[in-house]
file data-v9.cif (mmCIF, C-alpha atoms)
data_model
loop_
_atom_site.label_atom_id
_atom_site.label_comp_id
_atom_site.auth_asym_id
_atom_site.auth_seq_id
_atom_site.Cartn_x
_atom_site.Cartn_y
_atom_site.Cartn_z
CA MET C 1 -21.92 -1.84 83.74
CA THR C 2 -21.80 -4.86 86.03
CA ARG C 3 -24.71 -6.25 88.00
CA LYS C 4 -23.05 -5.08 91.25
CA GLU C 5 -22.73 -1.53 89.90
CA VAL C 6 -26.38 -1.54 88.86
CA GLU C 7 -27.45 -2.84 92.28
CA LYS C 8 -25.43 -0.17 94.09
CA LYS C 9 -26.76 2.70 91.98
CA VAL C 10 -30.36 1.48 92.20
CA ASN C 11 -30.13 0.87 95.95
CA ASP C 12 -28.52 4.28 96.49
CA PHE C 13 -31.33 6.15 94.77
CA LEU C 14 -34.04 4.02 96.38
CA ILE C 15 -32.61 4.87 99.80
CA GLU C 16 -31.80 8.54 99.14
CA GLU C 17 -34.53 9.67 96.76
CA ILE C 18 -37.46 7.32 97.38
CA GLU C 19 -36.62 6.98 101.12
CA ILE C 20 -36.85 3.20 101.31
CA ASP C 21 -35.31 1.53 104.36
CA GLU C 22 -32.04 -0.14 103.35
CA ALA C 23 -32.97 -3.23 105.37
CA LEU C 24 -35.86 -3.90 102.95
CA LEU C 25 -33.62 -4.01 99.88
CA ASN C 26 -33.13 -7.65 98.94
CA ASP C 27 -33.46 -9.45 95.62
CA ASP C 28 -36.82 -11.03 96.48
CA ALA C 29 -38.43 -7.80 97.71
CA LEU C 30 -41.66 -7.02 95.87
CA LEU C 31 -41.58 -3.47 94.53
CA LYS C 32 -45.15 -2.56 95.48
CA GLU C 33 -45.95 -4.82 98.41
CA ASP C 34 -42.61 -4.95 100.26
CA LEU C 35 -40.98 -1.65 99.25
CA GLY C 36 -44.19 0.38 99.02
CA ILE C 37 -43.34 1.86 95.62
CA ASP C 38 -46.48 3.53 94.29
CA SER C 39 -47.31 5.29 91.04
CA LEU C 40 -45.94 8.63 92.27
CA ASP C 41 -42.67 6.97 93.30
CA PHE C 42 -42.53 5.31 89.90
CA VAL C 43 -42.67 8.71 88.17
CA ASP C 44 -39.66 9.78 90.26
CA ILE C 45 -37.86 6.52 89.48
CA VAL C 46 -38.34 7.05 85.73
CA VAL C 47 -36.66 10.47 85.97
CA ILE C 48 -33.86 9.20 88.22
CA VAL C 49 -33.10 6.20 85.98
CA GLU C 50 -32.97 8.46 82.94
CA ASN C 51 -30.52 10.79 84.71
CA ILE C 52 -28.28 8.04 86.10
CA PHE C 53 -28.37 5.42 83.35
CA GLY C 54 -29.24 7.53 80.30
CA PHE C 55 -32.35 5.72 79.03
CA LYS C 56 -36.09 5.99 79.52
CA ILE C 57 -38.15 3.32 81.22
CA ARG C 58 -41.15 2.30 79.14
CA PRO C 59 -44.19 1.55 81.33
CA GLU C 60 -45.14 -1.45 79.17
CA GLU C 61 -41.73 -3.01 79.84
CA MET C 62 -42.29 -2.75 83.58
CA THR C 63 -45.57 -4.70 83.69
CA ASN C 64 -43.88 -8.04 84.43
CA ILE C 65 -41.28 -6.65 86.82
CA LYS C 66 -42.39 -7.50 90.33
CA THR C 67 -39.20 -7.94 92.38
CA LEU C 68 -36.13 -5.85 93.00
CA SER C 69 -34.00 -8.53 91.34
CA GLN C 70 -36.10 -8.28 88.18
CA PHE C 71 -35.70 -4.49 88.28
CA TYR C 72 -31.90 -4.86 88.54
CA ASP C 73 -32.00 -7.26 85.58
CA TYR C 74 -34.07 -4.80 83.57
CA ILE C 75 -31.70 -1.89 84.29
CA GLU C 76 -28.64 -4.01 83.53
CA SER C 77 -30.14 -5.23 80.25
CA LYS C 78 -31.20 -1.75 79.12
CA SER C 79 -27.78 -0.35 80.05
CA LYS C 80 -26.08 -2.96 77.87
CA GLU C 81 -28.48 -2.22 74.97
CA LYS C 82 -27.69 1.49 75.28
CA LYS C 83 -23.97 0.77 75.31
CA ASN C 84 -24.31 -1.24 72.10
CA ASP C 85 -26.23 1.51 70.27
#
call {"tool": "encode", "arguments": {"input": "data-v9.cif", "output": "structure tokens"}}
result
Amino acid sequence: MTRKEVEKKVNDFLIEEIEIDEALLNDDALLKEDLGIDSLDFVDIVVIVENIFGFKIRPEEMTNIKTLSQFYDYIESKSKEKKND
């Protein structure tokens, strides 16, 4: 899966499921501060990512992910790992 495909899928579910304004979605956006993603949203995101991408997000892996760009990178990396399994 390419970076562009990851970005599109992530942006689509952030807009549709988490109800984040599309105008806020840029690489430098901070997940908590700029996008307003809280712990309840994160629970939803875990389920959505598992359904769309086929892997589980581990909370400990998310501790250093602060921006949307870092989240895209994480999803892309985990998708490639899954593909290689």
call {"tool": "resolve_selection", "arguments": {"input": "data-v9.cif", "expression": "the PyMOL selection byres ((chain C and resi 19-27) around 12)", "output": "number ranges by chain"}}
result
C: 7-8, 10-18, 28-38, 41, 44-45, 66-73
call {"tool": "atom_distance", "arguments": {"input": "data-v9.cif", "atom1": "CA of Glu60 in chain C", "atom2": "CA of Ser79 in chain C"}}
result
17.4 Å
call {"tool": "closest_residue", "arguments": {"input": "data-v9.cif", "among": "C:Thr63, C:Phe53, C:Arg58, C:Phe42", "to": "Glu76 in chain C", "atoms": "only C-alpha atoms"}}
result
C:Phe53
call {"tool": "closest_residue", "arguments": {"input": "data-v9.cif", "among": "C:Lys78, C:Glu5, C:Asn84, C:Leu40", "to": "Phe55 in chain C", "atoms": "only C-alpha atoms"}}
result
C:Lys78
call {"tool": "closest_residue", "arguments": {"input": "data-v9.cif", "among": "C:Glu61, C:Ser77, C:Lys9, C:Lys82", "to": "Val49 in chain C", "atoms": "all atoms listed in the file"}}
result
C:Lys9
call {"tool": "decode", "arguments": {"input": "data-v9.cif", "residues": "range 4-16 of chain C", "atoms": "N, CA and C atoms", "output": "PDB file, in the first residue's frame"}}
result
ATOM      1  N   LYS C   4       0.171   7.432  -0.359  1.00  0.00           N
ATOM      2  CA  LYS C   4      -1.045   8.155  -0.791  1.00  0.00           C
ATOM      3  C   LYS C   4      -2.301   7.358  -0.457  1.00  0.00           C
ATOM      4  N   GLU C   5      -2.252   6.043  -0.652  1.00  0.00           N
ATOM      5  CA  GLU C   5      -3.408   5.194  -0.324  1.00  0.00           C
ATOM      6  C   GLU C   5      -3.679   5.205   1.182  1.00  0.00           C
ATOM      7  N   VAL C   6      -2.606   5.136   1.965  1.00  0.00           N
ATOM      8  CA  VAL C   6      -2.746   5.197   3.422  1.00  0.00           C
ATOM      9  C   VAL C   6      -3.369   6.528   3.823  1.00  0.00           C
ATOM     10  N   GLU C   7      -2.831   7.629   3.293  1.00  0.00           N
ATOM     11  CA  GLU C   7      -3.359   8.957   3.626  1.00  0.00           C
ATOM     12  C   GLU C   7      -4.840   9.057   3.296  1.00  0.00           C
ATOM     13  N   LYS C   8      -5.228   8.583   2.120  1.00  0.00           N
ATOM     14  CA  LYS C   8      -6.640   8.667   1.718  1.00  0.00           C
ATOM     15  C   LYS C   8      -7.532   7.874   2.655  1.00  0.00           C
ATOM     16  N   LYS C   9      -7.149   6.638   2.958  1.00  0.00           N
ATOM     17  CA  LYS C   9      -7.971   5.802   3.831  1.00  0.00           C
ATOM     18  C   LYS C   9      -8.058   6.391   5.240  1.00  0.00           C
ATOM     19  N   VAL C  10      -6.930   6.854   5.765  1.00  0.00           N
ATOM     20  CA  VAL C  10      -6.923   7.449   7.103  1.00  0.00           C
ATOM     21  C   VAL C  10      -7.773   8.720   7.115  1.00  0.00           C
ATOM     22  N   ASN C  11      -7.557   9.594   6.141  1.00  0.00           N
ATOM     23  CA  ASN C  11      -8.338  10.832   6.086  1.00  0.00           C
ATOM     24  C   ASN C  11      -9.826  10.547   5.956  1.00  0.00           C
ATOM     25  N   ASP C  12     -10.173   9.568   5.115  1.00  0.00           N
ATOM     26  CA  ASP C  12     -11.586   9.225   4.928  1.00  0.00           C
ATOM     27  C   ASP C  12     -12.230   8.813   6.241  1.00  0.00           C
ATOM     28  N   PHE C  13     -11.566   7.939   7.019  1.00  0.00           N
ATOM     29  CA  PHE C  13     -12.217   7.522   8.259  1.00  0.00           C
ATOM     30  C   PHE C  13     -12.167   8.608   9.327  1.00  0.00           C
ATOM     31  N   LEU C  14     -11.146   9.458   9.310  1.00  0.00           N
ATOM     32  CA  LEU C  14     -11.131  10.567  10.268  1.00  0.00           C
ATOM     33  C   LEU C  14     -12.282  11.535  10.006  1.00  0.00           C
ATOM     34  N   ILE C  15     -12.573  11.767   8.739  1.00  0.00           N
ATOM     35  CA  ILE C  15     -13.664  12.673   8.363  1.00  0.00           C
ATOM     36  C   ILE C  15     -15.017  12.020   8.641  1.00  0.00           C
ATOM     37  N   GLU C  16     -15.195  10.792   8.166  1.00  0.00           N
ATOM     38  CA  GLU C  16     -16.495  10.118   8.246  1.00  0.00           C
ATOM     39  C   GLU C  16     -16.820   9.588   9.640  1.00  0.00           C
TER      40      GLU C  16
END
